[in-house]
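Q: Below you'll find protein.txt; it's compact mmCIF, C-alpha atoms.
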# COMPACT_ATOMS: atom_id res chain seq x y z
CA MET A 1453 96.33 54.60 46.27
CA ASP A 1454 96.95 58.00 47.81
CA PRO A 1455 100.26 57.94 49.74
CA ARG A 1456 99.78 61.25 51.52
CA PRO A 1457 97.81 60.14 54.63
CA SER A 1458 100.65 57.73 55.46
CA ILE A 1459 103.14 60.54 56.12
CA VAL A 1460 101.09 63.11 58.05
CA GLU A 1461 101.88 61.58 61.44
CA THR A 1462 105.60 61.67 60.60
CA ARG A 1463 105.34 65.33 59.67
CA THR A 1464 103.93 66.23 63.08
CA ARG A 1465 106.19 63.96 65.11
CA GLY A 1466 108.42 66.80 66.25
CA ILE A 1467 105.48 68.83 67.54
CA ASP A 1468 104.76 68.54 71.24
CA ARG A 1469 101.12 69.71 71.12
CA ILE A 1470 98.65 70.62 68.39
CA LEU A 1471 95.91 73.12 69.15
CA ALA A 1472 93.02 73.17 66.67
CA VAL A 1473 91.08 76.43 66.89
CA THR A 1474 87.64 75.90 65.47
CA GLY A 1475 84.28 77.62 65.31
CA GLY A 1476 80.96 76.92 63.71
CA LYS A 1477 80.15 80.45 62.54
CA GLY A 1478 81.89 83.01 60.41
CA GLY A 1479 82.86 86.36 61.87
CA ILE A 1480 83.31 85.19 65.46
CA GLY A 1481 87.04 85.88 65.61
CA LYS A 1482 88.37 82.35 65.22
CA SER A 1483 91.42 83.55 63.32
CA SER A 1484 92.02 86.48 65.66
CA VAL A 1485 92.01 84.14 68.64
CA ALA A 1486 94.21 81.57 66.85
CA VAL A 1487 96.82 84.16 65.85
CA ALA A 1488 96.85 85.80 69.28
CA ILE A 1489 97.27 82.45 71.04
CA ALA A 1490 100.18 81.59 68.76
CA MET A 1491 101.83 84.99 69.25
CA ALA A 1492 101.36 84.91 73.02
CA LEU A 1493 102.87 81.43 73.30
CA ALA A 1494 105.81 82.48 71.14
CA GLU A 1495 106.30 85.60 73.25
CA SER A 1496 106.50 83.39 76.33
CA GLY A 1497 109.44 81.54 74.80
CA ALA A 1498 107.73 78.56 73.19
CA ARG A 1499 108.52 77.38 69.67
CA VAL A 1500 105.22 77.87 67.86
CA GLY A 1501 103.85 77.13 64.42
CA LEU A 1502 100.69 78.61 62.95
CA LEU A 1503 98.84 76.82 60.15
CA ASP A 1504 95.88 78.52 58.51
CA LEU A 1505 93.67 75.79 57.06
CA ASP A 1506 90.88 78.14 56.06
CA LEU A 1507 91.38 77.90 52.31
CA TRP A 1508 88.33 79.94 51.34
CA GLY A 1509 88.82 82.91 53.60
CA PRO A 1510 92.34 82.80 55.01
CA SER A 1511 92.98 85.79 57.23
CA ASP A 1512 95.87 84.93 59.54
CA HIS A 1513 98.28 86.52 57.06
CA VAL A 1514 96.15 89.69 57.03
CA ILE A 1515 96.22 89.83 60.82
CA LEU A 1516 100.00 89.38 60.75
CA GLY A 1517 100.49 91.88 57.90
CA VAL A 1518 102.12 89.62 55.31
CA PRO A 1519 100.24 89.66 51.97
CA ARG A 1520 102.21 86.66 50.74
CA PRO A 1521 103.86 84.83 53.62
CA PRO A 1522 107.37 83.54 52.92
CA LEU A 1523 107.80 79.89 52.02
CA GLY A 1524 110.90 77.75 51.69
CA GLU A 1525 111.66 74.29 50.35
CA ASP A 1526 114.01 71.85 52.03
CA GLY A 1527 112.87 68.26 52.03
CA GLY A 1528 109.32 69.62 51.75
CA LEU A 1529 107.62 72.96 52.24
CA VAL A 1530 109.23 74.94 55.03
CA PRO A 1531 107.04 77.61 56.66
CA GLY A 1532 108.53 81.06 56.81
CA THR A 1533 108.98 82.96 60.07
CA VAL A 1534 106.49 85.75 60.71
CA ALA A 1535 106.20 87.56 64.06
CA GLY A 1536 108.19 84.78 65.70
CA LEU A 1537 105.91 82.07 64.31
CA GLU A 1538 106.57 79.34 61.77
CA PHE A 1539 103.66 80.28 59.58
CA LEU A 1540 101.97 78.59 56.64
CA SER A 1541 98.81 79.59 54.82
CA ILE A 1542 97.38 78.96 51.38
CA ALA A 1543 98.26 82.64 50.93
CA SER A 1544 101.89 81.50 51.01
CA ILE A 1545 101.17 79.87 47.65
CA VAL A 1546 98.55 82.01 45.91
CA ALA A 1547 98.42 85.21 48.01
CA ASP A 1548 94.86 86.56 48.04
CA GLU A 1549 93.72 85.12 44.73
CA PRO A 1550 90.14 83.80 45.01
CA VAL A 1551 90.45 80.04 44.71
CA ILE A 1552 87.36 78.13 43.63
CA LEU A 1553 87.39 74.97 45.70
CA ARG A 1554 84.66 72.47 46.27
CA GLY A 1555 84.81 70.42 49.44
CA GLU A 1556 86.63 67.42 48.06
CA ALA A 1557 89.29 69.58 46.40
CA ALA A 1558 89.71 71.65 49.55
CA GLY A 1559 90.18 68.47 51.57
CA SER A 1560 92.81 67.28 49.13
CA ALA A 1561 94.63 70.62 49.24
CA ILE A 1562 94.68 70.49 53.04
CA LEU A 1563 95.99 66.93 52.96
CA GLU A 1564 98.73 68.07 50.58
CA LEU A 1565 99.81 70.82 52.98
CA LEU A 1566 99.81 68.40 55.92
CA ALA A 1567 101.76 65.78 53.94
CA VAL A 1568 104.56 67.94 52.58
CA THR A 1569 105.12 70.62 55.22
CA VAL A 1570 108.21 70.16 57.36
CA TRP A 1571 107.58 71.80 60.74
CA GLY A 1572 110.57 70.49 62.62
CA GLU A 1573 110.60 70.76 66.41
CA LEU A 1574 107.78 72.81 67.92
CA ASP A 1575 106.24 73.10 71.35
CA MET A 1576 102.86 73.97 69.86
CA LEU A 1577 101.30 74.04 66.42
CA VAL A 1578 98.22 76.25 66.38
CA VAL A 1579 95.89 75.26 63.55
CA ASP A 1580 93.27 77.73 62.39
CA MET A 1581 90.79 75.10 61.29
CA PRO A 1582 88.49 75.18 58.25
CA PRO A 1583 85.29 77.00 59.15
CA GLY A 1584 82.22 75.08 60.24
CA PHE A 1585 82.11 71.35 60.77
CA ALA A 1586 81.48 69.98 57.29
CA ASP A 1587 83.59 67.29 55.65
CA VAL A 1588 86.66 69.48 55.19
CA MET A 1589 86.94 70.29 58.88
CA ILE A 1590 86.24 66.69 59.89
CA ASP A 1591 88.86 65.35 57.49
CA ALA A 1592 91.43 67.84 58.76
CA ALA A 1593 90.67 66.80 62.33
CA ARG A 1594 91.02 63.12 61.42
CA HIS A 1595 94.43 63.77 59.89
CA LEU A 1596 95.48 65.41 63.17
CA PRO A 1597 94.15 62.99 65.80
CA ARG A 1598 96.43 64.44 68.48
CA ALA A 1599 94.98 67.91 68.04
CA GLU A 1600 93.25 69.40 71.08
CA HIS A 1601 90.24 71.38 69.93
CA LEU A 1602 89.33 74.82 71.16
CA VAL A 1603 85.97 76.17 70.07
CA VAL A 1604 85.58 79.92 69.64
CA THR A 1605 82.14 81.36 70.28
CA THR A 1606 80.54 84.72 71.07
CA PRO A 1607 77.89 85.75 73.59
CA SER A 1608 75.27 85.95 70.83
CA ALA A 1609 72.42 83.46 70.78
CA LEU A 1610 73.03 83.20 67.03
CA THR A 1611 76.49 81.83 67.69
CA ALA A 1612 75.56 79.72 70.70
CA VAL A 1613 73.25 77.40 68.78
CA THR A 1614 76.02 76.59 66.29
CA THR A 1615 78.62 76.34 69.04
CA ARG A 1616 76.57 73.70 70.81
CA LYS A 1617 76.43 71.74 67.56
CA THR A 1618 80.16 72.13 67.01
CA VAL A 1619 80.91 70.89 70.51
CA ALA A 1620 78.54 67.96 70.05
CA VAL A 1621 80.14 67.03 66.72
CA LEU A 1622 83.62 67.08 68.25
CA GLN A 1623 82.43 64.97 71.16
CA ARG A 1624 80.64 62.48 68.92
CA LEU A 1625 83.79 62.14 66.82
CA ARG A 1626 85.67 61.55 70.08
CA LEU A 1627 88.14 64.29 69.29
CA PRO A 1628 90.06 65.84 72.19
CA LEU A 1629 88.16 68.96 73.31
CA LEU A 1630 89.95 71.51 75.49
CA GLY A 1631 87.04 73.89 75.88
CA VAL A 1632 85.43 77.06 74.67
CA VAL A 1633 86.66 80.64 74.36
CA VAL A 1634 83.99 83.34 74.40
CA ASN A 1635 85.12 86.11 72.10
CA MET A 1636 83.54 89.58 71.85
CA ALA A 1637 82.43 89.37 75.48
CA LYS A 1638 80.96 92.41 77.19
CA PRO A 1639 83.70 94.59 78.64
CA GLY A 1640 84.08 94.02 82.34
CA HIS A 1641 82.96 90.43 82.12
CA GLU A 1642 85.92 89.12 80.18
CA THR A 1643 87.73 87.53 83.08
CA ASP A 1644 85.29 86.90 85.88
CA GLY A 1645 83.74 83.78 84.46
CA ALA A 1646 80.21 85.16 84.36
CA GLY A 1647 77.97 87.46 82.41
CA ASP A 1648 79.06 86.55 78.91
CA GLY A 1649 75.67 87.15 77.40
CA GLY A 1650 73.56 84.78 79.38
CA ALA A 1651 72.62 81.17 79.11
CA ASP A 1652 72.43 81.39 75.33
CA ALA A 1653 76.20 81.30 75.24
CA ASP A 1654 76.37 78.15 77.33
CA PRO A 1655 78.08 75.68 75.02
CA GLY A 1656 77.16 72.68 77.12
CA ALA A 1657 79.22 70.64 79.51
CA VAL A 1658 82.62 71.83 78.38
CA PRO A 1659 84.93 74.21 80.19
CA VAL A 1660 84.93 77.89 79.30
CA LEU A 1661 88.64 78.60 79.07
CA GLY A 1662 88.19 82.33 79.13
CA ARG A 1663 86.47 85.39 77.77
CA VAL A 1664 87.90 87.91 75.39
CA ALA A 1665 86.47 91.41 75.61
CA LEU A 1666 85.15 93.12 72.52
CA ASP A 1667 88.07 95.39 71.66
CA PRO A 1668 87.43 98.54 69.59
CA THR A 1669 91.18 99.07 69.13
CA TYR A 1670 91.77 95.69 67.51
CA GLU A 1671 90.73 96.65 63.97
CA GLY A 1672 93.29 99.43 63.88
CA ALA A 1673 96.06 97.07 64.92
CA LEU A 1674 95.45 94.53 62.16
CA GLY A 1675 98.53 93.88 60.08
CA ASP A 1676 100.93 95.15 62.72
CA PRO A 1677 102.07 92.48 65.21
CA ALA A 1678 103.65 95.08 67.51
CA ARG A 1679 100.35 96.94 67.83
CA LEU A 1680 98.41 93.69 68.13
CA ARG A 1681 100.43 92.92 71.26
CA GLU A 1682 99.14 96.14 72.81
CA THR A 1683 95.45 95.33 72.34
CA ALA A 1684 93.02 94.18 74.99
CA LEU A 1685 92.23 91.18 72.82
CA TYR A 1686 95.87 90.09 72.93
CA ARG A 1687 95.96 90.59 76.70
CA ASP A 1688 92.84 88.48 77.25
CA VAL A 1689 93.90 85.77 74.82
CA GLY A 1690 97.35 85.75 76.40
CA ARG A 1691 95.84 84.68 79.70
CA ILE A 1692 94.01 81.85 77.97
CA ALA A 1693 97.15 80.82 76.08
CA ALA A 1694 99.11 80.68 79.32
CA ALA A 1695 96.44 78.47 80.88
CA ILE A 1696 96.48 76.17 77.86
CA ALA A 1697 100.26 75.93 77.86
CA GLY A 1698 100.40 75.21 81.59
CA PRO A 1699 103.53 75.56 83.69
CA THR A 1700 105.72 74.00 81.00
CA GLY A 1701 104.43 76.25 78.23
CA ALA A 1702 107.23 78.79 78.32
CA ARG A 1703 110.59 77.23 77.81
CA ASP A 1704 114.13 78.32 77.30
CA HIS A 1705 115.78 76.97 74.20
CA MET B 336 112.94 69.84 47.41
CA HIS B 337 109.21 69.35 47.72
CA GLU B 338 109.67 66.11 45.72
CA TRP B 339 111.47 64.53 48.66
CA ALA B 340 108.43 64.96 50.87
CA LEU B 341 106.29 63.20 48.28
CA ALA B 342 108.87 60.43 47.90
CA GLU B 343 108.88 59.92 51.65
CA ALA B 344 105.09 59.61 51.57
CA VAL B 345 105.25 56.97 48.83
CA VAL B 346 107.84 54.92 50.74
CA ALA B 347 105.73 55.16 53.90
CA LYS B 348 102.66 54.00 51.99
CA VAL B 349 104.51 51.08 50.39
CA ALA B 350 105.81 50.02 53.80
CA GLU B 351 102.24 50.16 55.11
CA VAL B 352 100.93 48.07 52.21
CA ALA B 353 103.73 45.51 52.64
CA ARG B 354 103.10 45.27 56.37
CA GLU B 355 99.35 44.82 55.97
CA ALA B 356 99.81 42.22 53.23
CA GLY B 357 102.56 40.40 55.11
CA LEU B 358 105.03 40.80 52.25
CA PRO B 359 108.57 39.74 53.25
CA ARG B 360 110.07 41.89 50.52
CA VAL B 361 108.96 44.23 47.77
CA ARG B 362 110.55 43.82 44.34
CA GLU B 363 108.83 46.49 42.30
CA VAL B 364 106.80 49.58 42.97
CA VAL B 365 104.81 51.34 40.27
CA VAL B 366 104.22 55.01 40.97
CA GLY B 367 101.74 57.18 39.10
CA LEU B 368 102.90 60.70 38.33
CA GLY B 369 100.00 63.04 37.79
CA GLU B 370 100.65 65.47 34.98
CA LEU B 371 99.09 68.29 36.98
CA GLN B 372 101.60 68.22 39.82
CA ALA B 373 104.52 67.78 37.41
CA VAL B 374 107.07 66.51 39.91
CA ASP B 375 110.74 66.65 38.96
CA ARG B 376 111.18 62.98 38.17
CA GLU B 377 114.91 62.91 38.82
CA ALA B 378 114.63 64.51 42.26
CA PHE B 379 111.62 62.37 43.11
CA ALA B 380 113.39 59.14 42.09
CA PHE B 381 116.45 60.11 44.12
CA GLY B 382 114.20 60.70 47.11
CA LEU B 383 112.59 57.29 46.68
CA ILE B 384 115.96 55.55 46.59
CA THR B 385 117.14 57.49 49.62
CA TYR B 386 114.08 56.80 51.79
CA ARG B 387 113.97 53.18 50.58
CA ARG B 388 117.06 52.52 52.72
CA GLU B 389 115.04 53.15 55.87
CA VAL B 390 112.60 50.32 55.10
CA PRO B 391 114.19 46.82 55.07
CA VAL B 392 111.46 45.15 52.97
CA LEU B 393 112.15 47.75 50.28
CA ALA B 394 115.92 47.30 50.22
CA ASP B 395 115.96 45.70 46.75
CA ALA B 396 112.87 47.37 45.32
CA THR B 397 112.90 49.09 41.98
CA PHE B 398 110.61 51.95 41.14
CA SER B 399 108.94 52.54 37.81
CA PHE B 400 106.70 55.41 36.77
CA VAL B 401 103.59 55.84 34.72
CA VAL B 402 102.54 59.33 33.72
CA ASP B 403 98.88 60.00 34.34
CA PRO B 404 97.46 62.71 32.03
CA ALA B 405 95.58 65.48 33.80
CA ARG B 406 91.85 65.26 33.07
CA CYS B 407 89.05 67.58 34.05
CA ALA B 408 85.27 67.68 33.96
CA CYS B 409 83.31 70.91 34.03
CA ARG B 410 80.70 71.21 36.77
CA THR B 411 78.79 73.79 34.77
CA CYS B 412 78.45 72.29 31.28
CA GLY B 413 79.75 68.75 31.74
CA HIS B 414 82.55 69.09 29.20
CA ALA B 415 85.50 66.74 29.82
CA TRP B 416 88.97 67.55 28.60
CA LEU B 417 92.69 66.91 28.91
CA LEU B 418 94.60 69.75 30.53
CA GLY B 419 97.86 69.30 28.60
CA ASP B 420 97.89 72.45 26.46
CA SER B 421 96.51 74.63 29.25
CA LEU B 422 99.34 73.56 31.54
CA ALA B 423 101.94 74.27 28.87
CA ALA B 424 100.56 77.79 28.44
CA MET B 425 100.79 78.73 32.14
CA ASP B 426 103.61 80.97 33.29
CA ALA B 427 106.28 79.63 35.62
CA SER B 428 104.89 81.26 38.77
CA ASP B 429 101.38 79.91 38.24
CA ARG B 430 102.79 76.51 37.35
CA GLU B 431 104.76 76.48 40.61
CA SER B 432 101.57 77.17 42.59
CA VAL B 433 99.88 74.19 40.90
CA HIS B 434 102.99 72.08 41.44
CA LEU B 435 102.82 72.76 45.19
CA VAL B 436 99.04 72.37 45.56
CA PRO B 437 97.43 70.99 42.37
CA GLU B 438 93.93 72.07 43.47
CA MET B 439 95.01 75.66 42.79
CA VAL B 440 94.61 74.94 39.07
CA THR B 441 91.11 76.42 39.09
CA LEU B 442 92.75 79.83 39.53
CA PHE B 443 94.54 79.59 36.23
CA VAL B 444 92.43 77.40 33.94
CA SER B 445 88.80 77.55 32.80
CA CYS B 446 86.60 75.11 30.95
CA PRO B 447 87.45 75.38 27.24
CA ALA B 448 83.78 74.93 26.34
CA CYS B 449 82.01 77.38 28.65
CA ALA B 450 84.86 79.26 30.43
CA SER B 451 83.65 78.17 33.87
CA PRO B 452 86.32 77.90 36.57
CA ASP B 453 84.09 75.43 38.43
CA PHE B 454 85.55 72.12 37.32
CA THR B 455 86.82 68.93 38.87
CA VAL B 456 90.17 67.27 38.28
CA THR B 457 89.14 63.72 37.46
CA GLY B 458 92.60 62.26 36.91
CA GLY B 459 96.29 62.93 36.78
CA ARG B 460 96.33 65.09 39.90
CA GLY B 461 99.48 64.06 41.73
CA VAL B 462 101.62 61.21 42.98
CA SER B 463 99.85 57.89 43.49
CA LEU B 464 100.80 54.36 44.31
CA VAL B 465 99.74 52.15 41.40
CA ALA B 466 101.16 48.74 42.32
CA VAL B 467 103.36 46.97 44.85
CA GLU B 468 104.87 43.72 43.55
CA SER B 469 106.52 41.16 45.82
Can I see the file as structure tokens?

A:
Amino acid sequence: MDPRPSIVETRTRGIDRILAVTGGKGGIGKSSVAVAIAMALAESGARVGLLDLDLWGPSDHVILGVPRPPLGEDGGLVPGTVAGLEFLSIASIVADEPVILRGEAAGSAILELLAVTVWGELDMLVVDMPPGFADVMIDAARHLPRAEHLVVTTPSALTAVTTRKTVAVLQRLRLPLLGVVVNMAKPGHETDGAGDGGADADPGAVPVLGRVALDPTYEGALGDPARLRETALYRDVGRIAAAIAGPTGARDH
Amino acid sequence: MHEWALAEAVVAKVAEVAREAGLPRVREVVVGLGELQAVDREAFAFGLITYRREVPVLADATFSFVVDPARCACRTCGHAWLLGDSLAAMDASDRESVHLVPEMVTLFVSCPACASPDFTVTGGRGVSLVAVES
């Protein structure tokens, strides 16, 4: 018998809310949105963790500029602090080495991280979920039943068809669904709730939490949290993060 | 220690098994130790004894261990083998990575027959609960 599933709930007991950032397609900015949400919440005074569960293409550490994120051990794995976040990634263990992982092994590796990581007290744990909605993502979601899911999409019709499927899968699994964030929106339409690329981007009957404008300055800010905070992407995501956190999101500790 | 987190998981699982089976007390627990993860047995055992105190039905339980050899099967050529020598040849840093997340072994080991890194760990991965005796 595998003892690990029996301890995951205990490991997340000190976390007020878990936000699972997901997306059905690659290259839509799921990680960029996840990292920016985490940073914005932390900047507002919340205690925030960031867990990158993309084992095949982890990129949160690249966005944050830490090739091998720090990792401690004290009663379990203790995430290191990066840009004000308690941060854990598979890169904390193997840096950018290309791991060959089939689905079952990836699921087991994710379960291991969930079972042995000691997060302590957090207001929010932002989880950059495994890409897509195959078994690995579904298993991760099942291990984190309290997680509220946020689906990242883009205005492209190519993304919209997969986004609709992702939303439907989350709904059929009866997982908590916060809504959709439209990334790479046309400039000028990022905040007015309209014109995000037309009906093709309509994800279905779920709330659009906000739009994030396509930001040509973002690429140059990668790896530098201070510069990331100056980007339009961070500004747009910050508004969404504040809405997600609600009036109790920023706290004094 | 990472071992304490694994010990806490084992105690939680035993408590779950005892509750579901309606066991008033647990006398013996047999824990499998996968060769691949290579837990520090002393630290792990100390963790078990410590967390045992939090679960009344486990108050008198003893823990015994069985080592489970790490076994692999190649997805490319079908060859099956024991990892033993490969693990012994790994440097300390690589071994630590596998200790923390055993699935990382594909980074450091290849099939001895065809050199493919696409293989499955078929046994001896990590900590498992083998038996709960009342």

Q: With a distance cut-off of 9 Å and all atoms listed in the file, select the neighbouring residues of Thr411 (chain B), excluding the residue or stretch itself and same-chain residues fewer than 4 positions from it, and output the selection as a PDB file with C-alpha atoms, in the coordinates of the input.

A:
ATOM      1  CA  CYS B 446      86.600  75.110  30.950  1.00  0.00           C
ATOM      2  CA  CYS B 449      82.010  77.380  28.650  1.00  0.00           C
ATOM      3  CA  SER B 451      83.650  78.170  33.870  1.00  0.00           C
ATOM      4  CA  PRO B 452      86.320  77.900  36.570  1.00  0.00           C
ATOM      5  CA  ASP B 453      84.090  75.430  38.430  1.00  0.00           C
ATOM      6  CA  PHE B 454      85.550  72.120  37.320  1.00  0.00           C
TER       7      PHE B 454
END

Q: Would you pick out the contacts of Leu442 (chain B) at 9 Å or less, using only C-alpha atoms, so that residues sharing its chain but fewer than 6 positions from it are not included, and give the list as a ChimeraX atom specification?

A: /A:1546,1549-1552 /B:429,452

Q: In Å, how far is it from CA of Asp1587 (chain A) to CA of Val440 (chain B)?

A: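 CA of Val440 (chain B) lies 21.3 Å from CA of Asp1587 (chain A).
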
Q: Check which residues of chain B sit at most 10 Å from chain A using all atoms listed in the file, and return one row each with the closest pair of atoms and their distance in Å to one decimal, ordered by chain and rising number, as a tab-separated table.

A:
residue	atom	partner	partner_atom	distance
B:Met336	CA	A:Gly1527	CA	4.9
B:His337	CA	A:Gly1528	CA	4.0
B:Glu338	CA	A:Gly1528	CA	7.0
B:Trp339	CA	A:Gly1527	CA	5.2
B:Ala340	CA	A:Gly1528	CA	4.8
B:Leu341	CA	A:Val1568	CA	6.6
B:Ala342	CA	A:Pro1455	CA	9.1
B:Glu343	CA	A:Ile1459	CA	7.3
B:Ala344	CA	A:Ile1459	CA	5.0
B:Val345	CA	A:Pro1455	CA	5.2
B:Val346	CA	A:Pro1455	CA	8.2
B:Ala347	CA	A:Ser1458	CA	5.9
B:Lys348	CA	A:Pro1455	CA	5.1
B:Val349	CA	A:Pro1455	CA	8.1
B:Ala350	CA	A:Ser1458	CA	9.4
B:Glu351	CA	A:Ser1458	CA	7.7
B:Val352	CA	A:Met1453	CA	10.0
B:Val366	CA	A:Met1453	CA	9.5
B:Gly367	CA	A:Met1453	CA	9.3
B:Gly382	CA	A:Gly1527	CA	9.1
B:Ser428	CA	A:Val1546	CA	9.6
B:Asp429	CA	A:Val1546	CA	8.4
B:Glu431	CA	A:Ile1545	CA	8.6
B:Ser432	CA	A:Ile1545	CA	5.7
B:Val433	CA	A:Ile1545	CA	8.9
B:Leu435	CA	A:Ile1545	CA	7.7
B:Val436	CA	A:Ala1561	CA	6.0
B:Pro437	CA	A:Ala1561	CA	7.4
B:Glu438	CA	A:Ala1561	CA	6.0
B:Met439	CA	A:Val1551	CA	6.6
B:Val440	CA	A:Val1551	CA	8.7
B:Thr441	CA	A:Ile1552	CA	6.1
B:Leu442	CA	A:Val1551	CA	5.7
B:Phe443	CA	A:Val1551	CA	9.4
B:Pro452	CA	A:Ile1552	CA	7.1
B:Asp453	CA	A:Ile1552	CA	6.7
B:Phe454	CA	A:Ile1552	CA	8.9
B:Thr455	CA	A:Ala1557	CA	8.0
B:Val456	CA	A:Ala1557	CA	8.5
B:Gly461	CA	A:Asp1454	CA	8.9
B:Val462	CA	A:Asp1454	CA	7.4
B:Ser463	CA	A:Asp1454	CA	5.2
B:Leu464	CA	A:Met1453	CA	4.9
B:Val465	CA	A:Met1453	CA	6.4
B:Ala466	CA	A:Met1453	CA	8.6

Q: Go ahead and compute the interatomic distance for CA of Ser469 (chain B) and CA of Glu377 (chain B), in Å to one decimal.

A: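 CA of Glu377 (chain B) lies at a distance of 24.3 Å from CA of Ser469 (chain B).
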
Q: CA of Thr1611 (chain A) to CA of Leu1661 (chain A): how many Å, to one decimal?

A: 17.0 Å

Q: Do you know which residues are at most 6 Å from Ala396 (chain B) counting only C-alpha atoms, after dropping those on the same chain fewer than 6 positions away, and could you put them as a list in words?

A: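 Once the nearby chain positions are removed, what remains is Val361, Arg362 and Glu363 of chain B.
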
Q: Find the residue from B:Ser445, B:Ala380, B:Leu368, B:Glu355 that sits nearest to Ala415 (chain B); use all atoms listed in the file when measuring.

A: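 Using all atoms listed in the file, Ala415 (chain B) sits closest to B:Ser445.
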
Q: Compile the contact shell of region 1505-1518 of chain A as a compact mmCIF listing (two decimals) with C-alpha atoms, in the frame of the given file: residues with an atom at most 8 Å away, counting only C-alpha atoms, same-chain residues fewer than 3 positions apart removed.

A:
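Result file around.txt:
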# COMPACT_ATOMS: atom_id res chain seq x y z
CA SER A 1483 91.42 83.55 63.32
CA SER A 1484 92.02 86.48 65.66
CA VAL A 1487 96.82 84.16 65.85
CA PRO A 1521 103.86 84.83 53.62
CA VAL A 1534 106.49 85.75 60.71
CA ALA A 1535 106.20 87.56 64.06
CA SER A 1541 98.81 79.59 54.82
CA ILE A 1542 97.38 78.96 51.38
CA ALA A 1543 98.26 82.64 50.93
CA PRO A 1550 90.14 83.80 45.01
CA VAL A 1551 90.45 80.04 44.71
CA ILE A 1552 87.36 78.13 43.63
CA LEU A 1553 87.39 74.97 45.70
CA ALA A 1558 89.71 71.65 49.55
CA ILE A 1562 94.68 70.49 53.04
CA VAL A 1579 95.89 75.26 63.55
CA ASP A 1580 93.27 77.73 62.39
CA MET A 1581 90.79 75.10 61.29
CA PRO A 1582 88.49 75.18 58.25
CA PRO A 1583 85.29 77.00 59.15
CA LEU A 1674 95.45 94.53 62.16
CA GLY A 1675 98.53 93.88 60.08
CA ASP A 1676 100.93 95.15 62.72
CA PRO A 1677 102.07 92.48 65.21

Q: I'd like the box whose edges run along x, y and z of the file and which contains every listed atom of region 342-356 of chain B, padded by 8 Å per side; could you state its centre and edge lengths in Å, one decimal, as JSON?

A:
{"center_x": 104.1, "center_y": 51.3, "center_z": 52.1, "size_x": 25.5, "size_y": 34.2, "size_z": 24.5}
